[in-house]
file data-v8.txt (compact mmCIF, C-alpha atoms)
# COMPACT_ATOMS: atom_id res chain seq x y z
CA MET O 255 -25.77 30.66 5.99
CA LYS O 256 -22.26 31.19 4.59
CA HIS O 257 -20.70 31.08 8.09
CA PHE O 258 -22.68 27.96 8.95
CA LEU O 259 -21.30 26.17 5.88
CA ILE O 260 -17.72 27.16 6.70
CA PHE O 261 -18.19 26.12 10.34
CA THR O 262 -19.55 22.68 9.42
CA SER O 263 -16.75 22.11 6.92
CA LEU O 264 -14.16 22.95 9.57
CA PHE O 265 -15.90 20.71 12.08
CA ALA O 266 -15.84 17.81 9.61
CA LEU O 267 -12.09 18.25 9.10
CA ILE O 268 -11.35 18.40 12.82
CA SER O 269 -13.43 15.36 13.73
CA CYS O 270 -11.82 13.09 11.14
CA LYS O 271 -10.76 9.84 12.83
CA THR O 272 -7.89 8.88 10.54
CA SER O 273 -5.16 10.94 9.07
CA SER O 274 -2.54 9.81 6.62
CA GLN O 275 0.90 10.99 5.78
CA LYS O 276 2.15 11.51 2.28
CA LEU O 277 2.34 8.46 0.01
CA LYS O 278 5.96 7.63 -0.88
CA VAL O 279 6.60 5.80 -4.14
CA THR O 280 10.11 4.78 -5.23
CA ALA O 281 11.20 2.96 -8.38
CA ILE O 282 12.76 -0.50 -8.22
CA TYR O 283 15.81 -0.17 -10.46
CA THR O 284 17.69 -2.93 -12.24
CA GLU O 285 21.07 -3.14 -13.90
CA PRO O 286 22.35 -5.47 -16.63
CA LYS O 287 24.40 -8.48 -15.56
CA ARG O 288 26.33 -10.86 -17.80
CA VAL O 289 25.72 -14.54 -17.03
CA THR O 290 27.64 -17.50 -18.43
CA LYS O 291 26.13 -21.00 -18.37
CA GLU O 292 27.41 -24.29 -19.66
CA VAL O 293 24.93 -26.38 -21.63
CA SER O 294 25.22 -29.90 -20.18
CA THR O 295 24.27 -31.78 -23.36
CA THR O 296 26.73 -30.06 -25.71
CA GLY O 297 29.38 -28.88 -23.26
CA LYS O 298 29.43 -25.40 -24.80
CA THR O 299 29.17 -22.18 -22.79
CA HIS O 300 26.42 -19.71 -23.46
CA THR O 301 26.71 -16.04 -22.40
CA TYR O 302 23.66 -13.83 -22.09
CA THR O 303 22.57 -10.65 -20.35
CA THR O 304 19.92 -10.57 -17.65
CA ARG O 305 18.69 -7.80 -15.37
CA MET O 306 19.22 -7.89 -11.60
CA ALA O 307 17.35 -5.68 -9.13
CA VAL O 308 19.52 -3.09 -7.41
CA MET O 309 16.90 -2.22 -4.77
CA GLU O 310 14.92 -4.60 -2.61
CA ARG O 311 11.24 -5.21 -3.37
CA PHE O 312 8.97 -4.49 -0.35
CA ASP O 313 6.70 -7.29 0.82
CA PRO O 314 3.05 -6.20 1.05
CA LYS O 315 2.29 -5.81 4.76
CA VAL O 316 0.86 -3.64 7.50
CA PHE O 317 2.83 -3.14 10.70
CA MET O 318 2.56 -1.01 13.83
CA LEU O 319 4.89 1.95 14.30
CA SER O 320 3.60 3.03 17.72
CA ARG O 321 0.52 3.08 19.88
CA ASN O 322 -0.84 4.52 23.07
CA ALA O 323 -4.29 4.42 24.68
CA GLU O 324 -5.91 6.66 22.07
CA ILE O 325 -3.78 6.57 18.89
CA LEU O 326 -2.47 3.78 16.67
CA GLN O 327 0.23 4.58 14.11
CA PHE O 328 0.96 1.98 11.43
CA ARG O 329 2.64 1.70 8.06
CA ILE O 330 1.25 0.25 4.84
CA GLN O 331 3.85 -0.96 2.36
CA GLY O 332 4.00 -3.01 -0.80
CA ASN O 333 5.14 -3.13 -4.41
CA ILE O 334 3.77 -3.33 -7.93
CA SER O 335 5.38 -4.62 -11.09
CA SER O 336 5.75 -2.36 -14.08
CA GLY O 337 7.64 -2.81 -17.29
CA GLY O 338 7.46 -3.47 -20.97
CA HIS O 339 4.84 -1.70 -23.05
CA THR O 340 2.48 -0.93 -20.15
CA ILE O 341 3.23 1.38 -17.24
CA HIS O 342 1.57 0.69 -13.89
CA GLN O 343 1.59 3.55 -11.37
CA VAL O 344 0.32 3.83 -7.80
CA ARG O 345 -2.22 6.63 -7.96
CA LYS O 346 -3.22 6.81 -4.30
CA ILE O 347 -4.20 4.75 -1.27
CA ARG O 348 -7.92 5.08 -0.57
CA PHE O 349 -9.35 4.51 2.94
CA GLU O 350 -12.72 2.90 3.56
CA LYS O 351 -13.98 2.26 7.05
CA GLY O 352 -15.43 -1.19 7.38
CA THR O 353 -18.18 -2.37 9.67
CA GLN O 354 -17.88 -2.47 13.43
CA ASN O 355 -19.04 -5.68 15.12
CA GLY O 356 -19.01 -5.26 18.87
CA ASN O 357 -15.50 -4.26 19.87
CA ILE O 358 -13.91 -5.19 16.49
CA ILE O 359 -13.47 -2.69 13.66
CA THR O 360 -12.12 -3.31 10.17
CA LEU O 361 -10.21 -0.62 8.28
CA LYS O 362 -9.90 -1.19 4.54
CA TYR O 363 -7.23 0.46 2.41
CA TYR O 364 -7.19 0.21 -1.38
CA VAL O 365 -4.00 0.80 -3.38
CA GLU O 366 -5.26 2.28 -6.65
CA ILE O 367 -3.06 1.18 -9.54
CA LYS O 368 -3.48 3.01 -12.81
CA LYS O 369 -2.45 1.45 -16.12
CA ILE O 370 -1.22 4.01 -18.65
CA PRO O 371 -0.03 3.48 -22.21
CA GLY O 372 3.64 3.88 -22.97
CA LYS O 373 6.91 2.07 -22.53
CA GLU O 374 8.59 1.73 -19.15
CA SER O 375 12.33 2.30 -18.96
CA ALA O 376 14.41 -0.88 -19.16
CA ASN O 377 15.96 0.06 -15.81
CA VAL O 378 12.61 0.12 -13.96
CA GLN O 379 11.15 -3.19 -12.82
CA GLY O 380 8.36 -1.80 -10.62
CA TYR O 381 7.59 0.51 -7.73
CA ASN O 382 7.72 0.26 -3.93
CA TYR O 383 5.21 2.28 -1.91
CA THR O 384 4.83 3.20 1.76
CA ASN O 385 2.20 5.22 3.57
CA ASP O 386 2.08 6.01 7.30
CA GLU O 387 -1.38 6.13 8.87
CA THR O 388 -2.67 7.42 12.19
CA TYR O 389 -5.95 6.12 13.60
CA LYS O 390 -7.74 7.49 16.66
CA ILE O 391 -8.98 4.47 18.58
CA PRO O 392 -12.61 4.75 19.75
CA ASN O 393 -13.22 3.88 23.42
CA ASP O 394 -15.33 0.80 22.69
CA VAL O 395 -12.90 -0.79 20.18
CA LYS O 396 -10.45 -3.45 21.41
CA ILE O 397 -9.45 -5.14 18.13
CA ILE O 398 -8.52 -3.32 14.92
CA ARG O 399 -8.20 -5.31 11.71
CA VAL O 400 -6.42 -3.55 8.83
CA GLU O 401 -6.87 -4.98 5.34
CA LEU O 402 -4.86 -3.89 2.29
CA TYR O 403 -6.32 -4.41 -1.18
CA GLU O 404 -4.85 -3.90 -4.64
CA ASP O 405 -7.36 -2.22 -6.96
CA ARG O 406 -6.50 -1.88 -10.65
CA ILE O 407 -8.80 1.02 -11.55
CA ASN O 408 -8.74 0.95 -15.35
CA ASP O 409 -8.02 -2.72 -16.04
CA ASP O 410 -9.64 -4.22 -19.13
CA LEU O 411 -10.65 -7.35 -17.25
CA GLY O 412 -12.74 -5.43 -14.71
CA SER O 413 -11.19 -7.37 -11.84
CA ASN O 414 -12.31 -7.01 -8.25
CA PRO O 415 -9.92 -5.66 -5.62
CA LYS O 416 -7.53 -8.34 -4.38
CA LEU O 417 -6.57 -8.73 -0.71
CA ILE O 418 -2.77 -8.60 -0.51
CA ALA O 419 -2.12 -8.08 3.23
CA GLN O 420 -3.93 -7.95 6.54
CA GLN O 421 -2.96 -7.36 10.15
CA THR O 422 -4.90 -7.55 13.41
CA PHE O 423 -4.02 -5.31 16.36
CA ASN O 424 -5.37 -6.54 19.71
CA PHE O 425 -5.78 -3.96 22.49
CA PHE O 426 -7.22 -6.23 25.22
CA ALA O 427 -3.84 -6.27 26.92
CA LYS O 428 -2.81 -3.21 28.94
CA ILE O 429 -0.14 -0.91 27.54
call {"tool": "encode", "arguments": {"input": "data-v8.txt", "output": "structure tokens"}}
result
Amino acid sequence: MKHFLIFTSLFALISCKTSSQKLKVTAIYTEPKRVTKEVSTTGKTHTYTTRMAVMERFDPKVFMLSRNAEILQFRIQGNISSGGHTIHQVRKIRFEKGTQNGNIITLKYYVEIKKIPGKESANVQGYNYTNDETYKIPNDVKIIRVELYEDRINDDLGSNPKLIAQQTFNFFAKI
């Protein structure tokens, strides 16, 4: 019985259809910048300090890295805002296989964002995240739709996951 359990566990790991690479999360840093403006009504100049992002903020999207007849490799990327008296962190990206209708399959990915108490550094404006995915294409599938949702797991409002990006890969054309 013990060997049977080990064998079935190994078989489940080997037959997994998707595999993901490590989630990469990087902070979006800012630096102070002095700005001088002239008030048009009084003619006086006003100097104040604002914060400008040093790093670019990734747009939420899904794009193909490579593909062949059996394997599709794509990247999921996006950003979250974090600052002030609440820290938002990307916990993980969860995969859920959607329904298959004919030769179309939908893959759903949920970016789990955890809200923790504390104060974010003044130099951090948010976080960029990327995750590379590999999907083994079944023989009967010709269109793969990838949907990316943002899921705030411990939000007080109890909000539903929000669709932030989607991409359709069409494999009717020959490679």
call {"tool": "closest_residue", "arguments": {"input": "data-v8.txt", "among": "O:Ile282, O:Val365, O:Val316, O:Ile358", "to": "Gln421 (chain O)", "atoms": "only C-alpha atoms"}}
result
O:Val316
call {"tool": "closest_residue", "arguments": {"input": "data-v8.txt", "among": "O:Lys362, O:Arg311, O:Lys351, O:Lys291", "to": "Glu404 (chain O)", "atoms": "only C-alpha atoms"}}
result
O:Lys362
call {"tool": "residues_around", "arguments": {"input": "data-v8.txt", "residues": "Met309 (chain O)", "least_positions_apart": "2", "cutoff": "10 Å", "atoms": "only C-alpha atoms", "output": "VMD selection string"}}
result
chain O and resid 280 to 284 306 to 307 311 to 312 379 382
call {"tool": "write_last_selection", "arguments": {"input": "data-v8.txt", "atoms": "C-alpha atoms", "output": "compact mmCIF listing (two decimals), in the coordinates of the input"}}
result
# COMPACT_ATOMS: atom_id res chain seq x y z
CA THR O 280 10.11 4.78 -5.23
CA ALA O 281 11.20 2.96 -8.38
CA ILE O 282 12.76 -0.50 -8.22
CA TYR O 283 15.81 -0.17 -10.46
CA THR O 284 17.69 -2.93 -12.24
CA MET O 306 19.22 -7.89 -11.60
CA ALA O 307 17.35 -5.68 -9.13
CA ARG O 311 11.24 -5.21 -3.37
CA PHE O 312 8.97 -4.49 -0.35
CA GLN O 379 11.15 -3.19 -12.82
CA ASN O 382 7.72 0.26 -3.93
call {"tool": "residues_near_point", "arguments": {"input": "data-v8.txt", "point": "(2.7, 4.0, -6.3)", "cutoff": "12 Å", "atoms": "all atoms listed in the file", "output": "PyMOL selection string"}}
result
chain O and resi 276-282+330-336+341-347+364-369+380-385+404-406
call {"tool": "closest_residue", "arguments": {"input": "data-v8.txt", "among": "O:Thr290, O:Thr295, O:Gln354, O:Thr422", "to": "Lys315 (chain O)", "atoms": "all atoms listed in the file"}}
result
O:Thr422
call {"tool": "residues_around", "arguments": {"input": "data-v8.txt", "residues": "region 321-325 of chain O", "least_positions_apart": "5", "cutoff": "8 Å", "atoms": "all atoms listed in the file", "output": "list of chain:residue names"}}
result
O:Thr388, O:Tyr389, O:Lys390, O:Ile391, O:Pro392, O:Asn393, O:Ile429
call {"tool": "atom_distance", "arguments": {"input": "data-v8.txt", "atom1": "CA of Arg348 (chain O)", "atom2": "CA of Ile397 (chain O)"}}
result
21.4 Å
call {"tool": "closest_residue", "arguments": {"input": "data-v8.txt", "among": "O:Val400, O:Met318, O:Val378, O:Leu326", "to": "Thr360 (chain O)", "atoms": "all atoms listed in the file"}}
result
O:Val400
call {"tool": "atom_distance", "arguments": {"input": "data-v8.txt", "atom1": "CA of Asp313 (chain O)", "atom2": "CA of Tyr403 (chain O)"}}
result
13.5 Å
call {"tool": "atom_distance", "arguments": {"input": "data-v8.txt", "atom1": "CA of Phe426 (chain O)", "atom2": "CA of Val395 (chain O)"}}
result
9.3 Å
call {"tool": "closest_residue", "arguments": {"input": "data-v8.txt", "among": "O:Ser320, O:Thr340, O:Ser294, O:Asn355", "to": "Asp394 (chain O)", "atoms": "all atoms listed in the file"}}
result
O:Asn355
call {"tool": "axis_aligned_box", "arguments": {"input": "data-v8.txt", "around": "region 280-292 of chain O", "padding_each_side": "5 Å", "output": "AutoDock Vina command-line options"}}
result
--center_x 18.9 --center_y -9.8 --center_z -12.4 --size_x 27.5 --size_y 39.1 --size_z 24.4
call {"tool": "closest_residue", "arguments": {"input": "data-v8.txt", "among": "O:Phe425, O:Lys298, O:Val293, O:Val308", "to": "Ile359 (chain O)", "atoms": "all atoms listed in the file"}}
result
O:Phe425
